[in-house]
$ cat query_11.csv   # CSV, C-alpha atoms
chain,number,residue,atom,x,y,z
A,1189,MET,CA,20.4,-7.8,13.5
A,1190,ASP,CA,22.7,-5.1,12.1
A,1191,LEU,CA,20.5,-2.5,10.3
A,1192,LYS,CA,21.8,0.7,8.9
A,1193,ILE,CA,19.2,3.2,7.7
A,1194,SER,CA,20.3,6.0,5.4
A,1195,THR,CA,19.3,9.6,6.0
A,1196,THR,CA,17.2,9.5,2.8
A,1197,VAL,CA,15.0,6.8,4.3
A,1198,LEU,CA,14.8,8.6,7.6
A,1199,GLN,CA,13.8,11.8,5.8
A,1200,TYR,CA,11.1,9.9,4.0
A,1201,LEU,CA,9.8,8.3,7.2
A,1202,HIS,CA,9.7,11.6,9.0
A,1203,ALA,CA,8.3,13.6,6.1
A,1204,GLU,CA,5.1,13.7,8.1
A,1205,SER,CA,6.9,15.7,10.7
A,1206,GLY,CA,6.5,19.3,11.8
A,1207,ARG,CA,4.2,17.9,14.4
A,1208,ARG,CA,4.5,15.9,17.6
A,1209,PHE,CA,5.9,12.4,17.1
A,1210,THR,CA,3.6,9.5,17.6
A,1211,ARG,CA,4.7,6.7,20.0
A,1212,CYS,CA,5.5,4.6,17.0
A,1213,GLU,CA,7.7,7.4,15.5
A,1214,SER,CA,9.4,7.9,18.9
A,1215,PHE,CA,10.1,4.2,19.1
A,1216,GLU,CA,11.5,4.2,15.5
A,1217,TYR,CA,13.7,7.1,16.6
A,1218,LEU,CA,15.0,5.1,19.6
A,1219,TYR,CA,15.4,1.9,17.5
A,1220,THR,CA,17.5,3.8,14.9
A,1221,MET,CA,19.6,5.6,17.5
A,1222,ILE,CA,20.3,2.5,19.5
A,1223,THR,CA,21.1,0.3,16.5
A,1224,GLU,CA,23.4,2.9,14.9
A,1225,THR,CA,25.7,2.9,17.9
A,1226,ASP,CA,28.7,0.6,17.9
A,1227,ASP,CA,28.0,-0.9,21.3
A,1228,GLY,CA,24.2,-0.8,21.2
A,1229,CYS,CA,23.9,1.9,23.9
A,1230,TYR,CA,22.4,5.3,23.1
A,1231,VAL,CA,23.3,8.1,25.6
A,1232,THR,CA,20.7,10.9,25.7
A,1233,SER,CA,18.5,12.8,28.1
A,1234,TYR,CA,14.8,13.4,28.7
A,1235,ASN,CA,15.3,17.0,27.5
A,1236,GLN,CA,17.0,15.9,24.2
A,1237,LEU,CA,14.2,13.4,23.5
A,1238,ALA,CA,11.5,15.8,24.4
A,1239,LYS,CA,12.9,18.4,22.0
A,1240,ALA,CA,13.3,15.8,19.2
A,1241,TRP,CA,9.8,14.3,19.6
A,1242,ARG,CA,8.1,17.6,20.6
A,1243,TRP,CA,6.9,16.0,23.8
A,1244,ASP,CA,6.9,17.1,27.4
A,1245,ASN,CA,9.6,15.7,29.6
A,1246,HIS,CA,7.2,13.8,31.8
A,1247,LEU,CA,5.7,12.0,28.7
A,1248,VAL,CA,9.2,11.0,27.6
A,1249,LYS,CA,9.9,9.6,31.0
A,1250,GLU,CA,6.6,7.7,31.2
A,1251,PHE,CA,7.2,6.3,27.7
A,1252,LEU,CA,10.7,5.1,28.5
A,1253,ILE,CA,9.6,3.6,31.8
A,1254,GLN,CA,6.8,1.7,30.0
A,1255,LEU,CA,9.3,0.3,27.5
A,1256,SER,CA,11.5,-0.7,30.3
A,1257,ASN,CA,8.7,-2.3,32.3
A,1258,GLU,CA,7.7,-4.3,29.1
A,1259,ASN,CA,11.4,-5.6,28.8
A,1260,VAL,CA,12.0,-3.8,25.6
A,1261,ILE,CA,14.8,-1.4,26.7
A,1262,ILE,CA,17.3,-1.2,29.5
A,1263,LEU,CA,17.2,2.3,31.0
A,1264,ALA,CA,20.3,3.1,32.9
A,1265,ARG,CA,20.5,6.6,34.5
A,1266,GLN,CA,23.7,8.5,34.6
A,1267,GLU,CA,24.5,12.0,35.9
A,1268,ASN,CA,22.5,14.4,33.6
A,1269,ALA,CA,22.0,11.6,31.1
A,1270,MET,CA,20.7,8.1,30.5
A,1271,GLU,CA,21.9,5.1,28.6
A,1272,LEU,CA,19.3,3.2,26.5
A,1273,SER,CA,19.8,-0.3,25.0
A,1274,PHE,CA,17.6,-3.2,24.0
A,1275,THR,CA,17.1,-6.1,26.3
A,1276,ASP,CA,18.3,-9.5,25.0
A,1277,GLY,CA,14.8,-10.8,25.1
A,1278,PHE,CA,13.6,-8.0,22.7
A,1279,LYS,CA,16.5,-8.5,20.4
A,1280,GLU,CA,15.8,-12.3,20.1
A,1281,GLN,CA,12.0,-12.2,20.0
A,1282,SER,CA,11.0,-12.6,16.4
A,1283,LYS,CA,7.6,-11.0,17.1
A,1284,GLY,CA,9.0,-8.2,19.2
A,1285,LEU,CA,7.8,-5.4,17.0
A,1286,SER,CA,4.3,-6.7,16.7
A,1287,ALA,CA,4.1,-7.3,20.4
A,1288,LEU,CA,5.4,-3.8,21.0
A,1289,PHE,CA,2.9,-2.2,18.6
A,1290,LEU,CA,0.0,-4.1,20.3
A,1291,MET,CA,1.3,-3.1,23.8
A,1292,LEU,CA,1.4,0.6,22.8
A,1293,GLY,CA,-2.0,0.4,21.1
A,1294,MET,CA,-0.7,1.3,17.7
A,1295,LYS,CA,-3.1,-0.6,15.5
A,1296,VAL,CA,-4.7,2.0,13.3
A,1297,LYS,CA,-6.7,1.9,10.1
A,1298,LYS,CA,-3.9,3.5,8.0
A,1299,ALA,CA,-0.3,2.7,8.9
A,1300,SER,CA,2.2,5.5,9.2
A,1301,ARG,CA,5.3,5.3,7.0
A,1302,VAL,CA,7.3,4.2,10.1
A,1303,GLU,CA,4.8,1.4,11.0
A,1304,ALA,CA,4.9,0.1,7.4
A,1305,PHE,CA,8.7,0.2,7.3
A,1306,LEU,CA,9.0,-1.7,10.6
A,1307,ASN,CA,6.3,-4.2,9.6
A,1308,ILE,CA,8.2,-5.0,6.4
A,1309,LEU,CA,11.4,-5.5,8.5
A,1310,GLU,CA,9.4,-7.7,10.9
A,1311,TYR,CA,8.3,-10.0,8.0
A,1312,LEU,CA,11.9,-10.4,7.0
A,1313,TYR,CA,13.2,-10.8,10.6
A,1314,GLY,CA,10.5,-13.5,11.2
A,1315,SER,CA,11.5,-15.4,8.1
A,1316,ARG,CA,15.2,-15.0,8.7
A,1317,ASN,CA,16.1,-14.9,4.9
A,1318,SER,CA,13.3,-14.0,2.6
A,1319,VAL,CA,9.6,-13.8,2.3
A,1320,ARG,CA,7.0,-14.0,-0.5
A,1321,LEU,CA,4.7,-11.0,-0.5
A,1322,SER,CA,2.6,-8.9,-2.9
A,1323,CYS,CA,2.2,-5.1,-3.0
A,1324,HIS,CA,-1.6,-5.7,-2.9
A,1325,GLN,CA,-1.3,-7.7,0.3
A,1326,LEU,CA,0.8,-5.0,1.9
A,1327,ALA,CA,-1.5,-2.2,0.6
A,1328,ALA,CA,-4.5,-3.9,2.2
A,1329,GLU,CA,-2.6,-4.4,5.5
A,1330,PHE,CA,-1.3,-0.8,5.6
A,1331,GLY,CA,-4.4,0.9,4.3
A,1332,TRP,CA,-2.3,2.3,1.4
A,1333,SER,CA,-2.4,2.3,-2.3
A,1334,HIS,CA,-0.5,-0.3,-4.3
A,1335,HIS,CA,1.7,2.6,-5.7
A,1336,THR,CA,2.6,3.9,-2.3
A,1337,VAL,CA,3.7,0.4,-1.1
A,1338,ALA,CA,5.8,0.0,-4.3
A,1339,SER,CA,7.4,3.4,-3.7
A,1340,LEU,CA,8.5,2.4,-0.1
A,1341,LEU,CA,9.8,-1.0,-1.3
A,1342,ASN,CA,11.7,0.7,-4.1
A,1343,LEU,CA,13.2,3.2,-1.7
A,1344,MET,CA,14.3,0.4,0.7
A,1345,GLU,CA,15.8,-1.5,-2.2
A,1346,LYS,CA,17.6,1.6,-3.6
A,1347,ASN,CA,19.1,2.3,-0.2
A,1348,GLY,CA,20.5,-1.3,0.2
A,1349,ILE,CA,18.1,-2.5,3.0
A,1350,VAL,CA,16.2,-5.2,1.0
A,1351,SER,CA,16.4,-7.0,-2.3
A,1352,LYS,CA,13.3,-7.5,-4.3
A,1353,ILE,CA,12.9,-10.3,-6.9
A,1354,PRO,CA,9.6,-10.3,-8.9
A,1355,SER,CA,7.8,-13.7,-9.4
A,1356,ALA,CA,7.3,-15.0,-12.9
A,1357,ASP,CA,3.6,-14.0,-12.8
A,1358,GLY,CA,4.4,-10.5,-11.6
A,1359,LYS,CA,1.8,-10.8,-8.7
A,1360,TYR,CA,4.3,-11.5,-6.0
A,1361,PHE,CA,7.9,-10.8,-5.1
A,1362,GLU,CA,10.6,-12.4,-3.0
A,1363,LEU,CA,11.8,-9.9,-0.5
A,1364,GLY,CA,15.1,-10.5,1.2
A,1365,TRP,CA,17.9,-8.9,3.3
A,1366,VAL,CA,20.7,-7.2,1.4
A,1367,VAL,CA,23.8,-9.0,2.6
A,1368,THR,CA,27.0,-6.8,2.9
A,1369,ASN,CA,30.5,-7.8,3.8
A,1370,HIS,CA,32.1,-5.6,6.4
$ encode --input "query_11.csv" --output "structure tokens"
Amino acid sequence: MDLKISTTVLQYLHAESGRRFTRCESFEYLYTMITETDDGCYVTSYNQLAKAWRWDNHLVKEFLIQLSNENVIILARQENAMELSFTDGFKEQSKGLSALFLMLGMKVKKASRVEAFLNILEYLYGSRNSVRLSCHQLAAEFGWSHHTVASLLNLMEKNGIVSKIPSADGKYFELGWVVTNH
């Protein structure tokens, strides 16, 4: 899956920042950095991630080792750096994000912006083309208002991530990937 996320979307997702990243936000950060590279390998260090996430180095190391042990990432150490990439199993597993959230204990009453964003992408990834949803359904799932869900979907549509086609009755919409030619 080739997904490009604009800085506008990332700023929206991290508007809650100014504080220490959650594990979900840290994973979203890794997901973005790995998928934005041409070869799918992100070179970084424990120090760089600790600074970006406002974590201690040992917590970064434990988190990455946990992701590696769960076959989510490949962690290849280099001199003064490390190379991170996703395993083939994670890339191909349609329920990868749900499984990861469960493994990390991220089920909370109210979803963060990052969790909601990734859950919407997971719905699409699982369906391969498009999926029929409603703002009310997503609002109940995320613990959000209908308006907040609509705002996120509009932002995703405006930034060319998804296309949204309302149903005739206005209660549902067909959400699909935006297809671009490279």
$ closest_residue --input "query_11.csv" --among "A:Arg1207, A:Gly1364, A:Ile1253, A:Val1231" --to "Gly1348 (chain A)" --atoms "only C-alpha atoms"
A:Gly1364
$ atom_distance --input "query_11.csv" --atom1 "CA of Ser1273 (chain A)" --atom2 "CA of Ile1349 (chain A)"
22.2 Å
$ residues_around --input "query_11.csv" --residues "Trp1332 (chain A)" --least-positions-apart "4" --cutoff "12 Å" --atoms "only C-alpha atoms" --output "list in words"
Lys1297, Lys1298, Ala1299, Ser1300, Arg1301, Glu1303, Ala1304, Cys1323, His1324, Gln1325, Leu1326, Ala1327, Ala1328, Thr1336, Val1337, Ala1338, Ser1339 and Leu1340 of chain A
$ residues_around --input "query_11.csv" --residues "region 1354-1361 of chain A" --least-positions-apart "6" --cutoff "7 Å" --atoms "only C-alpha atoms" --output "list in words"
Arg1320, Leu1321 and Ser1322 of chain A
$ write_last_selection --input "query_11.csv" --atoms "C-alpha atoms" --output "mmCIF file, in the coordinates of the input"
data_model
loop_
_atom_site.group_PDB
_atom_site.id
_atom_site.type_symbol
_atom_site.label_atom_id
_atom_site.label_comp_id
_atom_site.auth_asym_id
_atom_site.auth_seq_id
_atom_site.Cartn_x
_atom_site.Cartn_y
_atom_site.Cartn_z
ATOM 1 C CA ARG A 1320 7.000 -14.000 -0.500
ATOM 2 C CA LEU A 1321 4.700 -11.000 -0.500
ATOM 3 C CA SER A 1322 2.600 -8.900 -2.900
#
$ residues_near_point --input "query_11.csv" --point "(10.2, -5.3, 29.7)" --cutoff "12 Å" --atoms "all atoms listed in the file" --output "PyMOL selection string"
chain A and resi 1252-1263+1273-1279+1284+1287-1288+1291
$ closest_residue --input "query_11.csv" --among "A:His1334, A:Lys1346, A:Glu1267, A:Asn1317" --to "Leu1363 (chain A)" --atoms "only C-alpha atoms"
A:Asn1317
$ atom_distance --input "query_11.csv" --atom1 "CA of Asn1342 (chain A)" --atom2 "CA of Arg1211 (chain A)"
25.8 Å
$ closest_residue --input "query_11.csv" --among "A:Ala1264, A:Ala1238, A:Val1350, A:Leu1218" --to "Val1319 (chain A)" --atoms "all atoms listed in the file"
A:Val1350
$ closest_residue --input "query_11.csv" --among "A:Tyr1230, A:Trp1241, A:Phe1305, A:Tyr1311" --to "Leu1272 (chain A)" --atoms "all atoms listed in the file"
A:Tyr1230
$ atom_distance --input "query_11.csv" --atom1 "CA of Met1221 (chain A)" --atom2 "CA of Ser1315 (chain A)"
24.4 Å
$ closest_residue --input "query_11.csv" --among "A:Met1270, A:Val1302, A:Val1248, A:Leu1343" --to "Tyr1219 (chain A)" --atoms "only C-alpha atoms"
A:Val1302
$ residues_around --input "query_11.csv" --residues "Ser1233 (chain A)" --least-positions-apart "4" --cutoff "8 Å" --atoms "only C-alpha atoms" --output "VMD selection string"
chain A and resid 1237 1268 to 1270
$ write_last_selection --input "query_11.csv" --atoms "C-alpha atoms" --output "PDB file, keeping the file's coordinate frame"
ATOM      1  CA  LEU A1237      14.200  13.400  23.500  1.00  0.00           C
ATOM      2  CA  ASN A1268      22.500  14.400  33.600  1.00  0.00           C
ATOM      3  CA  ALA A1269      22.000  11.600  31.100  1.00  0.00           C
ATOM      4  CA  MET A1270      20.700   8.100  30.500  1.00  0.00           C
TER       5      MET A1270
END
